[in-house]
2 protein chains.
Amino acid sequence: MESDSSVLLTDLYQLTMLQGYFDRGMEETAVFEFFVRKLPPSRGFLMAAGLQQSLDYLERLRFTPPELEWLARSGRFSRNFVDYLERLRFTGDVHAMPEGTLFFPHEPILRVTAPLPQAQLIETRLINLLHFQTLIASKAARFVLAAPGKLLVDFGLRRAHGAEAGLMAARAAYLAGFSGSATVLAEFLFGVPAYGTMAHSFIQAHDDEREAFINFARAQPNNVMLLLDTYDTEAAAEKVVALAPRLTAEGIAIKGVRLDSGDLGDHARKVRRILDNGGLTDVKIFASGNLGEGRLRSLIETAAPIDGYGIGSDLVTSADAPHLDCAYKLQEYAGRARRKRSEGKATWPGRKQIFRRYGPDSRMIEDLLTLDDRSEEGEPLIHPVMRAGRRLAPPAPLTELRAYAADQLAHLPEPLRGFRDVPAYPVKIAEALTALANKVDAETRLERPK
Amino acid sequence: MESDSSVLLTDLYQLTMLQGYFDRGMEETAVFEFFVRKLPPSRGFLMAAGLQQSLDYLERLRFTPPELEWLARSGRFSRNFVDYLERLRFTGDVHAMPEGTLFFPHEPILRVTAPLPQAQLIETRLINLLHFQTLIASKAARFVLAAPGKLLVDFGLRRAHGAEAGLMAARAAYLAGFSGSATVLAEFLFGVPAYGTMAHSFIQAHDDEREAFINFARAQPNNVMLLLDTYDTEAAAEKVVALAPRLTAEGIAIKGVRLDSGDLGDHARKVRRILDNGGLTDVKIFASGNLGEGRLRSLIETAAPIDGYGIGSDLVTSADAPHLDCAYKLQEYAGRARRKRSEGKATWPGRKQIFRRYGPDSRMIEDLLTLDDRSEEGEPLIHPVMRAGRRLAPPAPLTELRAYAADQLAHLPEPLRGFRDVPAYPVKIAEALTALANKVDAETRLERPK
């Protein structure tokens, strides 16, 4: 269906507004920025993600002939306007934070500078792409901070919200520090290492659990991970011990076992004891089964002998905060700064830059949100990535972005690494920005009575 | 990228298990069923959805040459096995509830009967497709029950979890009774009526709000919905009243206004008064802006003069319950019923049917979960939809499914229409089913010591 690349993956109002801009020849340069208004409860930071897919989208943006015909037939638009859509491409500039950058409320992570209709049309899909991967990378980072040294694997495809969600969750989780994903397509397309064991149905389809273990080991001799909980977890662990010599004789080593139900900490202790007593001290224990952040943290805190975790629904739906309060807002048009002043939703006008400052221990201490033309002390976070509709550099390998994200997490101040009562990170608003906001407000007031 | 149709959109373990089945020639008939284990908190029912996309997926299932090459190169699979995958198609049967059917925990909504490897391979994507649309249709049905007679429009694409989520949420919400969606592609592909107004950026890009209103009205003379809250909601309503005669003279009628921030009930009352005093009694008031179930219900309860609602993130992420505890489990293999007995996750074995019974007021009173070969009093809910890999009938028009879903909601007993302290609907387990479960348990126990 290729629905993920259709320009019609947008809100109808983008097209009706474009007709309005077209009729009035409003094609001057607009500046829009994408930012998050506030953090979800108990969250201390967000991690930017989804930039590569956003740039892909902008590079490929065009209406197909069937889409154009359909728009013309819909009776909503003029023929001239549909002809104009046929020629429409994205020719603008994009500035952004690299994927993996940590950020905070009101800090733009992406800026589009383009003729108004182009910058407007892309709003819906751009938010859709940036919002979701940012949501998942930010959630995944919490698991990564909660489980240092553990293998973390995304198991979420089945309960992710559709195909793209499953695929992009695998990418975003890997970016944030997960070891890999069960999703095969994520390895095929993005090189996210694929992990896999066996399902209960494999055991059930055999008349005997032990026979199922043997068949699986022979079919996947380099990746023998046996699932223990189909009938009785500890009894299955005993079977694994009994089987091991026979498999060793065939040159097959059992790599690990998986627990998927019940009290995972309790089972892990019993299974570890059974395996150790059977001489299988090298066999790893892997746990899964509706594992959310809370259960994972409690398993870690109680030192459950579990080497790795498969995390599904809680990760890929960001269950504690399944959406972010984010927006893509017009900040400048035709050379003049603009500002939305709706109650509770006012924005900072103009093109912005963020300077990040670090303490002597190299941990982040403060960000300064200011205008783009200012030079300030600190590390600037927004960089040019696309000019005139073309990427300035080929996409960075995901492993490189992943290393950058790990480095970002290493600079996160201690109090922000927590899971409850997380303090707000200081984002200072520069005087230049406040002054501009006041100026825009004053101008808007003057115009209102006209 | 066409990622939504790739067979690699699956968990790695499906492929490693298939290698195991292939090595042992395990190709006998397997029966899997998809069901939900329990309802989310405060929910009384679920609505089945996603069947059409599941059947599309099964009809098109095949590995592409690049995918096969990549699998062969991965070193995980034998050459013979990859050759076998090249020929693999779905040749099985599917039985299912029609989309829009209301259902309850442990009731299968779909059954696959196919050679084991085929039925196994499709698990991940089938769950992914059925889970998400069922999740959204079920959530949308709550909005529909909460707001009788109101126009409800899906505004969620931007914060849906990716492209497919946005698109399928539009479809599922329309199925459940929404009037339409802002997502253009949902009209293009599924005929879901597209709705649209204007965004704040349209107003901001003009030097004057009134000028923006005029330009929009002229560009979309048949769909004039004006957004009031960019600067000051009531002041904007006054401008609409002042403008109306001029637009009327041009033959343009203002259809509605939209409120998007602040206390929506309070603004609606003030705006209604302004419009009515200005003679614009026919102009509808439409509200949006982070509207969740709770806020919508309180606006309805307080009789806010709002004619329609745009519902976004809360709907398309099913924010109170962003995932369902669902599963696709092996119930029979090679002619023998099978049962998983993991703690807290035990399943009912065998091929099942559900008979629904109605009271004299034609409201649902009870379901009976039994085996497929039984004939019982009541309405059977599971029907054949695919045989030997081919649909038994062309896809039903979405409007027809939508009418069926509305009829289902009309038969829902009163207590289940509530939002808090919803009682459990009675699903009786037939004796035949309990007896089969006991038999399977006894057989499994017998085999364990072997």
# chains A, B, ... in the order shown; residues from 1 in each chain; ligands from 1
$ residues_around --residues "range 182-190 of chain A" --least-positions-apart "6" --cutoff "6 Å" --atoms "only C-alpha atoms" --output "number ranges by chain"
A: 155, 167, 196; B: 8-12
$ residues_around --residues "Ser201 in chain B" --least-positions-apart "2" --cutoff "7 Å" --atoms "only C-alpha atoms" --output "PDB file with C-alpha atoms, in the first residue's frame"
ATOM      1  CA  LYS A 329       4.508  26.057  15.185  1.00  0.00           C
ATOM      2  CA  LEU A 330       4.976  29.045  12.906  1.00  0.00           C
TER       3      LEU A 330
ATOM      4  CA  ALA B 199      -4.669  25.879  11.815  1.00  0.00           C
ATOM      5  CA  ILE B 203      -4.010  33.050  11.054  1.00  0.00           C
ATOM      6  CA  GLN B 204      -0.493  33.862  12.190  1.00  0.00           C
ATOM      7  CA  ALA B 205       0.824  34.024   8.630  1.00  0.00           C
TER       8      ALA B 205
END
$ closest_residue --among "B:Leu145, B:Ile127, B:Leu368, B:Leu135" --to "Ala406 in chain B" --atoms "only C-alpha atoms"
B:Leu145
$ residues_around --residues "His411 in chain A" --least-positions-apart "3" --cutoff "6 Å" --atoms "only C-alpha atoms" --output "count of residues only"
3
$ closest_residue --among "A:Glu343, A:Glu379, A:Glu27, A:Asp266" --to "chain B" --atoms "only C-alpha atoms"
A:Glu343
$ residues_around --residues "Gly177 in chain B" --least-positions-apart "6" --cutoff "8 Å" --atoms "only C-alpha atoms" --output "list in words"
Ala140, Ala141, Val144, Arg402, Ala405 and Ala406 of chain B
$ write_last_selection --atoms "N, CA and C atoms" --output "compact mmCIF listing (two decimals), in the first residue's frame"
# COMPACT_ATOMS: atom_id res chain seq x y z
N ALA B 140 -12.91 4.16 20.57
CA ALA B 140 -13.78 5.09 19.85
C ALA B 140 -15.24 4.86 20.26
N ALA B 141 -15.61 3.59 20.47
CA ALA B 141 -16.99 3.27 20.85
C ALA B 141 -17.37 3.96 22.15
N VAL B 144 -18.28 7.43 21.31
CA VAL B 144 -19.58 7.42 20.63
C VAL B 144 -20.71 7.28 21.64
N ARG B 402 -19.88 -0.37 9.48
CA ARG B 402 -20.17 0.70 10.44
C ARG B 402 -21.62 0.61 10.92
N ALA B 405 -21.75 -2.24 13.32
CA ALA B 405 -21.16 -1.86 14.62
C ALA B 405 -22.16 -1.03 15.43
N ALA B 406 -22.86 -0.13 14.76
CA ALA B 406 -23.85 0.71 15.45
C ALA B 406 -24.96 -0.18 16.02
$ select_by_dssp --residues "range 219-310 of chain A" --states "helix (DSSP H, G or I)" --output "number ranges by chain"
A: 219, 233-249, 264-277, 293-301
$ write_last_selection --atoms "N, CA and C atoms" --output "compact mmCIF listing (two decimals), in the first residue's frame"
# COMPACT_ATOMS: atom_id res chain seq x y z
N ALA A 219 17.99 -27.33 15.25
CA ALA A 219 17.65 -26.43 14.14
C ALA A 219 18.40 -25.11 14.26
N THR A 233 7.94 -24.34 35.03
CA THR A 233 9.23 -23.72 34.78
C THR A 233 10.40 -24.53 35.36
N GLU A 234 10.32 -24.90 36.62
CA GLU A 234 11.45 -25.59 37.23
C GLU A 234 11.64 -26.99 36.66
N ALA A 235 10.51 -27.67 36.38
CA ALA A 235 10.61 -29.00 35.76
C ALA A 235 11.32 -28.90 34.41
N ALA A 236 11.02 -27.83 33.68
CA ALA A 236 11.66 -27.63 32.38
C ALA A 236 13.15 -27.37 32.56
N ALA A 237 13.51 -26.63 33.61
CA ALA A 237 14.94 -26.37 33.86
C ALA A 237 15.67 -27.67 34.15
N GLU A 238 15.03 -28.57 34.87
CA GLU A 238 15.64 -29.89 35.14
C GLU A 238 15.86 -30.65 33.83
N LYS A 239 14.87 -30.54 32.93
CA LYS A 239 15.02 -31.20 31.62
C LYS A 239 16.22 -30.65 30.86
N VAL A 240 16.40 -29.32 30.95
CA VAL A 240 17.52 -28.69 30.25
C VAL A 240 18.84 -29.26 30.78
N VAL A 241 18.95 -29.40 32.11
CA VAL A 241 20.16 -29.96 32.72
C VAL A 241 20.37 -31.39 32.23
N ALA A 242 19.28 -32.15 32.20
CA ALA A 242 19.40 -33.55 31.79
C ALA A 242 19.81 -33.69 30.32
N LEU A 243 19.37 -32.71 29.51
CA LEU A 243 19.64 -32.75 28.07
C LEU A 243 21.04 -32.30 27.70
N ALA A 244 21.61 -31.43 28.52
CA ALA A 244 22.84 -30.73 28.15
C ALA A 244 23.97 -31.66 27.69
N PRO A 245 24.24 -32.76 28.41
CA PRO A 245 25.35 -33.63 27.98
C PRO A 245 25.13 -34.18 26.56
N ARG A 246 23.87 -34.57 26.29
CA ARG A 246 23.56 -35.12 24.98
C ARG A 246 23.81 -34.08 23.88
N LEU A 247 23.39 -32.82 24.14
CA LEU A 247 23.60 -31.77 23.15
C LEU A 247 25.08 -31.44 23.02
N THR A 248 25.79 -31.42 24.16
CA THR A 248 27.23 -31.16 24.13
C THR A 248 27.93 -32.19 23.25
N ALA A 249 27.49 -33.43 23.36
CA ALA A 249 28.07 -34.49 22.55
C ALA A 249 27.87 -34.23 21.06
N LEU A 264 8.87 -13.65 38.20
CA LEU A 264 10.10 -13.85 37.43
C LEU A 264 11.33 -13.93 38.33
N GLY A 265 11.36 -13.12 39.39
CA GLY A 265 12.51 -13.12 40.30
C GLY A 265 12.63 -14.47 41.01
N ASP A 266 11.51 -14.97 41.49
CA ASP A 266 11.49 -16.25 42.20
C ASP A 266 11.89 -17.40 41.27
N HIS A 267 11.27 -17.44 40.10
CA HIS A 267 11.63 -18.48 39.13
C HIS A 267 13.11 -18.39 38.75
N ALA A 268 13.59 -17.16 38.56
CA ALA A 268 14.99 -16.98 38.13
C ALA A 268 15.93 -17.57 39.18
N ARG A 269 15.63 -17.32 40.46
CA ARG A 269 16.50 -17.86 41.52
C ARG A 269 16.50 -19.38 41.51
N LYS A 270 15.30 -19.96 41.40
CA LYS A 270 15.21 -21.43 41.40
C LYS A 270 15.90 -22.03 40.17
N VAL A 271 15.65 -21.41 39.03
CA VAL A 271 16.22 -21.93 37.79
C VAL A 271 17.74 -21.77 37.81
N ARG A 272 18.22 -20.63 38.32
CA ARG A 272 19.67 -20.42 38.40
C ARG A 272 20.31 -21.53 39.23
N ARG A 273 19.64 -21.86 40.36
CA ARG A 273 20.17 -22.89 41.25
C ARG A 273 20.19 -24.25 40.53
N ILE A 274 19.11 -24.55 39.84
CA ILE A 274 19.04 -25.83 39.11
C ILE A 274 20.14 -25.91 38.03
N LEU A 275 20.28 -24.81 37.29
CA LEU A 275 21.28 -24.79 36.22
C LEU A 275 22.69 -24.89 36.81
N ASP A 276 22.96 -24.12 37.86
CA ASP A 276 24.30 -24.13 38.47
C ASP A 276 24.62 -25.51 39.04
N ASN A 277 23.65 -26.09 39.74
CA ASN A 277 23.87 -27.42 40.30
C ASN A 277 24.11 -28.46 39.20
N GLU A 293 8.36 -0.87 33.14
CA GLU A 293 9.45 -0.20 33.86
C GLU A 293 9.47 -0.57 35.34
N GLY A 294 8.29 -0.55 35.97
CA GLY A 294 8.22 -0.78 37.41
C GLY A 294 8.72 -2.18 37.78
N ARG A 295 8.22 -3.20 37.08
CA ARG A 295 8.63 -4.57 37.38
C ARG A 295 10.12 -4.77 37.08
N LEU A 296 10.59 -4.17 36.02
CA LEU A 296 12.01 -4.31 35.69
C LEU A 296 12.86 -3.72 36.81
N ARG A 297 12.51 -2.53 37.26
CA ARG A 297 13.30 -1.89 38.32
C ARG A 297 13.29 -2.72 39.58
N SER A 298 12.13 -3.31 39.89
CA SER A 298 12.09 -4.07 41.14
C SER A 298 12.90 -5.36 41.00
N LEU A 299 12.94 -5.96 39.82
CA LEU A 299 13.80 -7.14 39.62
C LEU A 299 15.28 -6.78 39.76
N ILE A 300 15.62 -5.59 39.25
CA ILE A 300 17.03 -5.14 39.34
C ILE A 300 17.37 -4.83 40.81
N GLU A 301 16.46 -4.15 41.47
CA GLU A 301 16.72 -3.75 42.86
C GLU A 301 16.86 -4.96 43.78
$ closest_residue --among "A:Val36, A:Leu412, A:Ile252, A:Leu71" --to "chain B" --atoms "only C-alpha atoms"
A:Leu71
$ residues_around --residues "Ala334 in chain A" --least-positions-apart "5" --cutoff "10 Å" --atoms "only C-alpha atoms" --output "PyMOL selection string"
(chain A and resi 26-31+115-116) or (chain B and resi 205-206)
$ residues_around --residues "Ser179 in chain B" --least-positions-apart "5" --cutoff "8 Å" --atoms "only C-alpha atoms" --output "count of residues only"
5
$ atom_distance --atom1 "CA of Phe32 in chain B" --atom2 "CA of Arg111 in chain B"
5.7 Å
$ residues_around --residues "Leu130 in chain A" --least-positions-apart "5" --cutoff "10 Å" --atoms "only C-alpha atoms" --output "PDB file with N, CA and C atoms, in the first residue's frame"
ATOM      1  N   PHE A  34       9.609  22.476  15.709  1.00  0.00           N
ATOM      2  CA  PHE A  34       8.981  21.369  16.440  1.00  0.00           C
ATOM      3  C   PHE A  34       9.550  21.313  17.846  1.00  0.00           C
ATOM      4  N   PHE A  35       8.679  21.284  18.830  1.00  0.00           N
ATOM      5  CA  PHE A  35       9.131  21.226  20.225  1.00  0.00           C
ATOM      6  C   PHE A  35       8.078  20.511  21.064  1.00  0.00           C
ATOM      7  N   ALA A  48      15.788  13.066  21.456  1.00  0.00           N
ATOM      8  CA  ALA A  48      15.345  13.362  20.091  1.00  0.00           C
ATOM      9  C   ALA A  48      15.581  12.170  19.179  1.00  0.00           C
ATOM     10  N   ALA A  49      14.584  11.847  18.351  1.00  0.00           N
ATOM     11  CA  ALA A  49      14.740  10.759  17.373  1.00  0.00           C
ATOM     12  C   ALA A  49      13.747  10.957  16.237  1.00  0.00           C
ATOM     13  N   GLY A  50      14.026  10.321  15.124  1.00  0.00           N
ATOM     14  CA  GLY A  50      13.125  10.375  13.978  1.00  0.00           C
ATOM     15  C   GLY A  50      13.581  11.333  12.875  1.00  0.00           C
ATOM     16  N   LEU A  51      14.758  11.931  13.052  1.00  0.00           N
ATOM     17  CA  LEU A  51      15.226  12.908  12.059  1.00  0.00           C
ATOM     18  C   LEU A  51      15.467  12.274  10.689  1.00  0.00           C
ATOM     19  N   GLN A  52      16.105  11.097  10.665  1.00  0.00           N
ATOM     20  CA  GLN A  52      16.410  10.478   9.362  1.00  0.00           C
ATOM     21  C   GLN A  52      15.144  10.228   8.558  1.00  0.00           C
ATOM     22  N   GLN A  53      14.116   9.706   9.208  1.00  0.00           N
ATOM     23  CA  GLN A  53      12.862   9.420   8.499  1.00  0.00           C
ATOM     24  C   GLN A  53      12.171  10.710   8.070  1.00  0.00           C
ATOM     25  N   SER A  54      12.357  11.776   8.848  1.00  0.00           N
ATOM     26  CA  SER A  54      11.780  13.068   8.470  1.00  0.00           C
ATOM     27  C   SER A  54      12.458  13.611   7.211  1.00  0.00           C
ATOM     28  N   ILE A 109      13.583  20.845  18.510  1.00  0.00           N
ATOM     29  CA  ILE A 109      14.563  19.834  18.077  1.00  0.00           C
ATOM     30  C   ILE A 109      14.704  19.857  16.560  1.00  0.00           C
ATOM     31  N   LEU A 110      13.802  20.597  15.883  1.00  0.00           N
ATOM     32  CA  LEU A 110      13.885  20.683  14.418  1.00  0.00           C
ATOM     33  C   LEU A 110      13.253  21.987  13.962  1.00  0.00           C
ATOM     34  N   ARG A 125       2.732  14.971   8.992  1.00  0.00           N
ATOM     35  CA  ARG A 125       3.596  13.790   8.927  1.00  0.00           C
ATOM     36  C   ARG A 125       4.914  14.016   9.676  1.00  0.00           C
ATOM     37  N   LEU A 135       9.250   9.702  21.400  1.00  0.00           N
ATOM     38  CA  LEU A 135       8.510   9.063  22.497  1.00  0.00           C
ATOM     39  C   LEU A 135       9.186   7.751  22.914  1.00  0.00           C
ATOM     40  N   CYS A 326       3.353  17.803  22.063  1.00  0.00           N
ATOM     41  CA  CYS A 326       4.316  18.425  21.156  1.00  0.00           C
ATOM     42  C   CYS A 326       3.612  19.257  20.098  1.00  0.00           C
TER      43      CYS A 326
ATOM     44  N   ARG B 158      -1.297  13.151  13.765  1.00  0.00           N
ATOM     45  CA  ARG B 158       0.031  13.656  14.114  1.00  0.00           C
ATOM     46  C   ARG B 158       0.649  12.954  15.315  1.00  0.00           C
ATOM     47  N   ARG B 159      -0.192  12.548  16.255  1.00  0.00           N
ATOM     48  CA  ARG B 159       0.355  11.889  17.441  1.00  0.00           C
ATOM     49  C   ARG B 159       0.051  10.396  17.491  1.00  0.00           C
ATOM     50  N   GLY B 162       2.965   6.479  14.228  1.00  0.00           N
ATOM     51  CA  GLY B 162       3.403   6.173  12.874  1.00  0.00           C
ATOM     52  C   GLY B 162       2.281   6.274  11.859  1.00  0.00           C
TER      53      GLY B 162
END
